[in-house]
Amino acid sequence: METMDNPFMSFGDDAEGNLYEQLGVGYTAARRSDPRIVTQIHDALGDAHSIANVGACSGAYEPCDRTVMTIESSPRMIAQRPPELAPAIRGHAESLPLISDSVDAAMACLTLHHWTDWRIGVQELRRVARKRVVIFTYDPSYSKYFWLLRDYVPKLGQLECGRFPGIDEQCAATGEEVRVEPVLIPHDCADGLLASYWRRPSAYLDERVREGIPTFHLPDGEWLLDGLEGLAEDLRTGTWRDRNHDILSCTELDLGYRLLVCEL
């Protein structure tokens, strides 16, 4: 598969791009792929045999049974990729080191909000893909439905959601006809996403769990965690259970995670 000579081009490592550099090994320990989400993403890739995984991080949702070209900007994340996955090229989403129409599909998993210019990055996904673009992303309007952000750390939630473009903007940038699939989060989700512990609230009190969630490492984010003391008290008194009794019998929940699928 032919690549461009220079994977670094003109987009440097800004503060947002360096966020993963701060996370250390705790990230991959917490961020394992959940098999149900894997199935949904891989089904969306369809008959694509060659795939560019852009902003791949440590490769949690990367197919192992297809030819994959992995692009990742963080050396620390590249170093944490499992040995069974394809080696990664260090590069930026806004200037992919691939020629046009070089892969069947381009995928990006929960990474648009880390890019310097996410619109240019999405244009690059479309440029290199022949058949389809698949983006695992988040609809920030759902933050008001998630009890953690709504009731305990609302300022952190505002900071986090401000990083994501609106889902309509994401769809418009991806293509004229985009299929939007809800990605439901199971109550026992193996991937330590921000909302994965919606039925396991005490997990958010564990610093080891928070270590693998980039939201808790945002600039000034550590000053917005006072509400976790309130969560601990509500768990002790049973207030949290009383307030959220309606979700305790649910096995999966729509918390705003989305899959955008665009046929080219």
# chains A, B, ... in the order shown; residues from 1 in each chain; ligands from 1
$ residues_around --residues "Glu252 (chain A)" --least-positions-apart "5" --cutoff "10 Å" --atoms "only C-alpha atoms" --output "number ranges by chain"
A: 183-189, 196, 198-199, 247
$ write_last_selection --atoms "N, CA, C and O atoms" --output "short mmCIF file (atom, residue, chain, number, x, y, z; two decimals), in the first residue's frame"
data_model
loop_
_atom_site.label_atom_id
_atom_site.label_comp_id
_atom_site.auth_asym_id
_atom_site.auth_seq_id
_atom_site.Cartn_x
_atom_site.Cartn_y
_atom_site.Cartn_z
N VAL A 183 -24.90 3.50 19.53
CA VAL A 183 -24.04 2.47 20.11
C VAL A 183 -24.41 2.38 21.59
O VAL A 183 -24.02 3.22 22.40
N LEU A 184 -25.22 1.39 21.91
CA LEU A 184 -25.69 1.24 23.28
C LEU A 184 -24.55 0.73 24.17
O LEU A 184 -23.78 -0.15 23.75
N ILE A 185 -24.46 1.27 25.37
CA ILE A 185 -23.40 0.88 26.29
C ILE A 185 -23.93 -0.17 27.26
O ILE A 185 -24.84 0.11 28.05
N PRO A 186 -23.38 -1.39 27.24
CA PRO A 186 -23.85 -2.43 28.16
C PRO A 186 -23.46 -2.12 29.60
O PRO A 186 -22.48 -1.41 29.86
N HIS A 187 -24.21 -2.66 30.53
CA HIS A 187 -23.96 -2.37 31.95
C HIS A 187 -22.63 -2.90 32.42
O HIS A 187 -22.06 -2.41 33.41
N ASP A 188 -22.09 -3.90 31.71
CA ASP A 188 -20.80 -4.48 32.08
C ASP A 188 -19.76 -4.22 31.00
O ASP A 188 -18.89 -5.05 30.74
N CYS A 189 -19.84 -3.05 30.38
CA CYS A 189 -18.95 -2.71 29.27
C CYS A 189 -17.49 -2.91 29.65
O CYS A 189 -17.03 -2.43 30.70
N SER A 196 -19.11 4.22 30.66
CA SER A 196 -19.20 2.76 30.79
C SER A 196 -19.71 2.30 32.14
O SER A 196 -20.30 1.22 32.27
N TRP A 198 -22.07 3.42 34.07
CA TRP A 198 -23.35 4.04 34.41
C TRP A 198 -24.15 3.24 35.43
O TRP A 198 -24.95 3.80 36.17
N ARG A 199 -23.92 1.93 35.51
CA ARG A 199 -24.60 1.11 36.53
C ARG A 199 -23.63 0.63 37.60
O ARG A 199 -24.01 -0.18 38.46
N ILE A 247 -32.77 2.99 36.07
CA ILE A 247 -31.78 2.39 35.17
C ILE A 247 -31.16 1.11 35.74
O ILE A 247 -30.44 0.41 35.03
#
$ residues_around --residues "region 146-157 of chain A" --least-positions-apart "6" --cutoff "7 Å" --atoms "only C-alpha atoms" --output "MDAnalysis selection string"
chainID A and resid 221 224:225 227:228 230:231 255
$ residues_around --residues "Ile78 (chain A)" --least-positions-apart "5" --cutoff "9 Å" --atoms "only C-alpha atoms" --output "PDB file with N, CA and C atoms, in the first residue's frame"
ATOM      1  N   ALA A  56      -5.819   5.939  15.858  1.00  0.00           N
ATOM      2  CA  ALA A  56      -6.100   4.581  16.329  1.00  0.00           C
ATOM      3  C   ALA A  56      -5.790   4.359  17.789  1.00  0.00           C
ATOM      4  N   CYS A  57      -5.056   5.270  18.397  1.00  0.00           N
ATOM      5  CA  CYS A  57      -4.670   5.107  19.796  1.00  0.00           C
ATOM      6  C   CYS A  57      -3.968   3.754  19.972  1.00  0.00           C
ATOM      7  N   SER A  58      -4.425   2.929  20.905  1.00  0.00           N
ATOM      8  CA  SER A  58      -3.781   1.638  21.115  1.00  0.00           C
ATOM      9  C   SER A  58      -4.458   0.517  20.335  1.00  0.00           C
ATOM     10  N   GLY A  59      -5.422   0.861  19.473  1.00  0.00           N
ATOM     11  CA  GLY A  59      -5.991  -0.116  18.549  1.00  0.00           C
ATOM     12  C   GLY A  59      -7.126  -0.954  19.089  1.00  0.00           C
ATOM     13  N   GLU A  72      -1.504   7.087  13.879  1.00  0.00           N
ATOM     14  CA  GLU A  72      -1.641   7.580  15.246  1.00  0.00           C
ATOM     15  C   GLU A  72      -0.561   8.629  15.502  1.00  0.00           C
ATOM     16  N   SER A  73      -0.941   9.721  16.168  1.00  0.00           N
ATOM     17  CA  SER A  73       0.004  10.819  16.388  1.00  0.00           C
ATOM     18  C   SER A  73       0.801  10.689  17.686  1.00  0.00           C
ATOM     19  N   PRO A  87       1.765  -2.706  12.811  1.00  0.00           N
ATOM     20  CA  PRO A  87       2.534  -1.543  13.272  1.00  0.00           C
ATOM     21  C   PRO A  87       1.850  -0.253  12.832  1.00  0.00           C
ATOM     22  N   ALA A  88       2.000   0.787  13.640  1.00  0.00           N
ATOM     23  CA  ALA A  88       1.359   2.063  13.342  1.00  0.00           C
ATOM     24  C   ALA A  88       2.341   3.033  12.713  1.00  0.00           C
ATOM     25  N   ILE A  89       1.804   3.895  11.865  1.00  0.00           N
ATOM     26  CA  ILE A  89       2.558   5.007  11.306  1.00  0.00           C
ATOM     27  C   ILE A  89       2.236   6.240  12.129  1.00  0.00           C
ATOM     28  N   ARG A  90       3.242   6.985  12.509  1.00  0.00           N
ATOM     29  CA  ARG A  90       2.965   8.219  13.238  1.00  0.00           C
ATOM     30  C   ARG A  90       2.599   9.304  12.231  1.00  0.00           C
TER      31      ARG A  90
END
$ residues_around --residues "Ala60 (chain A)" --least-positions-apart "5" --cutoff "10 Å" --atoms "only C-alpha atoms" --output "list in words"
Thr28, Arg31, Arg32, Ser33, Asp34, Val38, Arg81, Pro82, Leu85, Cys109 and Asp191 of chain A
$ atom_distance --atom1 "CA of Gly121 (chain A)" --atom2 "CA of Ser95 (chain A)"
7.4 Å
$ atom_distance --atom1 "CA of Pro140 (chain A)" --atom2 "CA of Ile37 (chain A)"
19.2 Å
$ atom_distance --atom1 "CA of Asp234 (chain A)" --atom2 "CA of Tyr138 (chain A)"
27.8 Å
$ select_by_dssp --residues "region 84-205 of chain A" --states "alpha helix (DSSP H)" --output "list in words"
Trp118, Arg119, Ile120, Gly121, Val122, Gln123, Glu124, Leu125, Arg126, Arg127, Val128, Trp147, Pro154, Lys155, Leu156, Gly157, Gln158, Leu159, Glu160, Cys161, Ile167, Asp168, Glu169, Gln170, Cys171, Ala172, Ala173 and Thr174 of chain A
$ closest_residue --among "A:Trp115, A:Gly212, A:Tyr204, A:Pro97" --to "Ala232 (chain A)" --atoms "only C-alpha atoms"
A:Tyr204
$ decode --residues "region 237-248 of chain A" --atoms "all heavy atoms" --output "PDB file, in the first residue's frame"
ATOM      1  N   THR A 237     -25.404   6.779  51.503  1.00  0.00           N
ATOM      2  CA  THR A 237     -26.746   6.959  52.066  1.00  0.00           C
ATOM      3  C   THR A 237     -27.850   6.293  51.255  1.00  0.00           C
ATOM      4  O   THR A 237     -28.990   6.196  51.709  1.00  0.00           O
ATOM      5  CB  THR A 237     -27.074   8.460  52.163  1.00  0.00           C
ATOM      6  OG1 THR A 237     -27.084   9.035  50.839  1.00  0.00           O
ATOM      7  CG2 THR A 237     -26.047   9.186  53.027  1.00  0.00           C
ATOM      8  N   GLY A 238     -27.529   5.840  50.043  1.00  0.00           N
ATOM      9  CA  GLY A 238     -28.547   5.242  49.187  1.00  0.00           C
ATOM     10  C   GLY A 238     -29.272   6.249  48.312  1.00  0.00           C
ATOM     11  O   GLY A 238     -30.171   5.878  47.536  1.00  0.00           O
ATOM     12  N   THR A 239     -28.871   7.516  48.394  1.00  0.00           N
ATOM     13  CA  THR A 239     -29.519   8.556  47.584  1.00  0.00           C
ATOM     14  C   THR A 239     -29.312   8.311  46.104  1.00  0.00           C
ATOM     15  O   THR A 239     -30.236   8.522  45.298  1.00  0.00           O
ATOM     16  CB  THR A 239     -28.978   9.947  47.973  1.00  0.00           C
ATOM     17  OG1 THR A 239     -29.243  10.183  49.361  1.00  0.00           O
ATOM     18  CG2 THR A 239     -29.634  11.041  47.146  1.00  0.00           C
ATOM     19  N   TRP A 240     -28.110   7.873  45.731  1.00  0.00           N
ATOM     20  CA  TRP A 240     -27.847   7.627  44.301  1.00  0.00           C
ATOM     21  C   TRP A 240     -28.793   6.556  43.776  1.00  0.00           C
ATOM     22  O   TRP A 240     -29.378   6.714  42.705  1.00  0.00           O
ATOM     23  CB  TRP A 240     -26.397   7.201  44.073  1.00  0.00           C
ATOM     24  CG  TRP A 240     -26.115   6.975  42.604  1.00  0.00           C
ATOM     25  CD1 TRP A 240     -25.683   7.895  41.704  1.00  0.00           C
ATOM     26  CD2 TRP A 240     -26.322   5.759  41.875  1.00  0.00           C
ATOM     27  NE1 TRP A 240     -25.592   7.336  40.446  1.00  0.00           N
ATOM     28  CE2 TRP A 240     -25.985   6.026  40.519  1.00  0.00           C
ATOM     29  CE3 TRP A 240     -26.761   4.481  42.215  1.00  0.00           C
ATOM     30  CZ2 TRP A 240     -26.063   5.052  39.520  1.00  0.00           C
ATOM     31  CZ3 TRP A 240     -26.840   3.508  41.208  1.00  0.00           C
ATOM     32  CH2 TRP A 240     -26.500   3.802  39.889  1.00  0.00           C
ATOM     33  N   ARG A 241     -28.965   5.480  44.520  1.00  0.00           N
ATOM     34  CA  ARG A 241     -29.839   4.387  44.086  1.00  0.00           C
ATOM     35  C   ARG A 241     -31.283   4.870  43.977  1.00  0.00           C
ATOM     36  O   ARG A 241     -31.985   4.531  43.020  1.00  0.00           O
ATOM     37  CB  ARG A 241     -29.726   3.213  45.060  1.00  0.00           C
ATOM     38  CG  ARG A 241     -30.693   2.060  44.780  1.00  0.00           C
ATOM     39  CD  ARG A 241     -30.412   0.888  45.686  1.00  0.00           C
ATOM     40  NE  ARG A 241     -29.174   0.224  45.291  1.00  0.00           N
ATOM     41  CZ  ARG A 241     -29.105  -0.744  44.374  1.00  0.00           C
ATOM     42  NH1 ARG A 241     -30.213  -1.160  43.768  1.00  0.00           N
ATOM     43  NH2 ARG A 241     -27.958  -1.292  44.076  1.00  0.00           N
ATOM     44  N   ASP A 242     -31.739   5.645  44.925  1.00  0.00           N
ATOM     45  CA  ASP A 242     -33.107   6.160  44.876  1.00  0.00           C
ATOM     46  C   ASP A 242     -33.310   7.057  43.665  1.00  0.00           C
ATOM     47  O   ASP A 242     -34.355   7.004  43.002  1.00  0.00           O
ATOM     48  CB  ASP A 242     -33.426   6.938  46.150  1.00  0.00           C
ATOM     49  CG  ASP A 242     -33.484   6.055  47.380  1.00  0.00           C
ATOM     50  OD1 ASP A 242     -33.629   4.827  47.221  1.00  0.00           O
ATOM     51  OD2 ASP A 242     -33.358   6.597  48.502  1.00  0.00           O
ATOM     52  N   ARG A 243     -32.302   7.875  43.355  1.00  0.00           N
ATOM     53  CA  ARG A 243     -32.419   8.837  42.258  1.00  0.00           C
ATOM     54  C   ARG A 243     -32.343   8.157  40.903  1.00  0.00           C
ATOM     55  O   ARG A 243     -32.939   8.634  39.925  1.00  0.00           O
ATOM     56  CB  ARG A 243     -31.310   9.888  42.400  1.00  0.00           C
ATOM     57  CG  ARG A 243     -31.352  10.988  41.362  1.00  0.00           C
ATOM     58  CD  ARG A 243     -30.174  11.932  41.571  1.00  0.00           C
ATOM     59  NE  ARG A 243     -30.302  12.671  42.824  1.00  0.00           N
ATOM     60  CZ  ARG A 243     -29.272  13.230  43.452  1.00  0.00           C
ATOM     61  NH1 ARG A 243     -28.046  13.095  42.983  1.00  0.00           N
ATOM     62  NH2 ARG A 243     -29.480  13.897  44.567  1.00  0.00           N
ATOM     63  N   ASN A 244     -31.636   7.030  40.837  1.00  0.00           N
ATOM     64  CA  ASN A 244     -31.402   6.385  39.540  1.00  0.00           C
ATOM     65  C   ASN A 244     -31.992   4.976  39.476  1.00  0.00           C
ATOM     66  O   ASN A 244     -31.520   4.142  38.704  1.00  0.00           O
ATOM     67  CB  ASN A 244     -29.890   6.320  39.274  1.00  0.00           C
ATOM     68  CG  ASN A 244     -29.260   7.695  39.160  1.00  0.00           C
ATOM     69  OD1 ASN A 244     -29.398   8.373  38.151  1.00  0.00           O
ATOM     70  ND2 ASN A 244     -28.555   8.114  40.205  1.00  0.00           N
ATOM     71  N   HIS A 245     -33.038   4.751  40.244  1.00  0.00           N
ATOM     72  CA  HIS A 245     -33.630   3.404  40.311  1.00  0.00           C
ATOM     73  C   HIS A 245     -34.126   2.918  38.959  1.00  0.00           C
ATOM     74  O   HIS A 245     -34.175   1.719  38.688  1.00  0.00           O
ATOM     75  CB  HIS A 245     -34.777   3.387  41.328  1.00  0.00           C
ATOM     76  CG  HIS A 245     -35.929   4.279  40.934  1.00  0.00           C
ATOM     77  ND1 HIS A 245     -36.980   3.860  40.153  1.00  0.00           N
ATOM     78  CD2 HIS A 245     -36.171   5.589  41.210  1.00  0.00           C
ATOM     79  CE1 HIS A 245     -37.816   4.852  39.956  1.00  0.00           C
ATOM     80  NE2 HIS A 245     -37.367   5.917  40.591  1.00  0.00           N
ATOM     81  N   ASP A 246     -34.490   3.853  38.063  1.00  0.00           N
ATOM     82  CA  ASP A 246     -35.069   3.452  36.781  1.00  0.00           C
ATOM     83  C   ASP A 246     -34.072   2.799  35.841  1.00  0.00           C
ATOM     84  O   ASP A 246     -34.468   2.104  34.904  1.00  0.00           O
ATOM     85  CB  ASP A 246     -35.699   4.668  36.095  1.00  0.00           C
ATOM     86  CG  ASP A 246     -34.722   5.801  35.913  1.00  0.00           C
ATOM     87  OD1 ASP A 246     -33.864   6.009  36.796  1.00  0.00           O
ATOM     88  OD2 ASP A 246     -34.787   6.498  34.877  1.00  0.00           O
ATOM     89  N   ILE A 247     -32.775   2.993  36.066  1.00  0.00           N
ATOM     90  CA  ILE A 247     -31.784   2.391  35.166  1.00  0.00           C
ATOM     91  C   ILE A 247     -31.164   1.113  35.736  1.00  0.00           C
ATOM     92  O   ILE A 247     -30.436   0.410  35.031  1.00  0.00           O
ATOM     93  CB  ILE A 247     -30.655   3.380  34.806  1.00  0.00           C
ATOM     94  CG1 ILE A 247     -29.810   3.727  36.046  1.00  0.00           C
ATOM     95  CG2 ILE A 247     -31.215   4.638  34.160  1.00  0.00           C
ATOM     96  CD1 ILE A 247     -28.578   4.557  35.721  1.00  0.00           C
ATOM     97  N   LEU A 248     -31.469   0.804  36.981  1.00  0.00           N
ATOM     98  CA  LEU A 248     -30.791  -0.308  37.631  1.00  0.00           C
ATOM     99  C   LEU A 248     -31.155  -1.664  37.043  1.00  0.00           C
ATOM    100  O   LEU A 248     -30.399  -2.624  37.171  1.00  0.00           O
ATOM    101  CB  LEU A 248     -31.093  -0.296  39.133  1.00  0.00           C
ATOM    102  CG  LEU A 248     -30.560   0.929  39.887  1.00  0.00           C
ATOM    103  CD1 LEU A 248     -30.925   0.849  41.362  1.00  0.00           C
ATOM    104  CD2 LEU A 248     -29.058   1.051  39.707  1.00  0.00           C
TER     105      LEU A 248
END
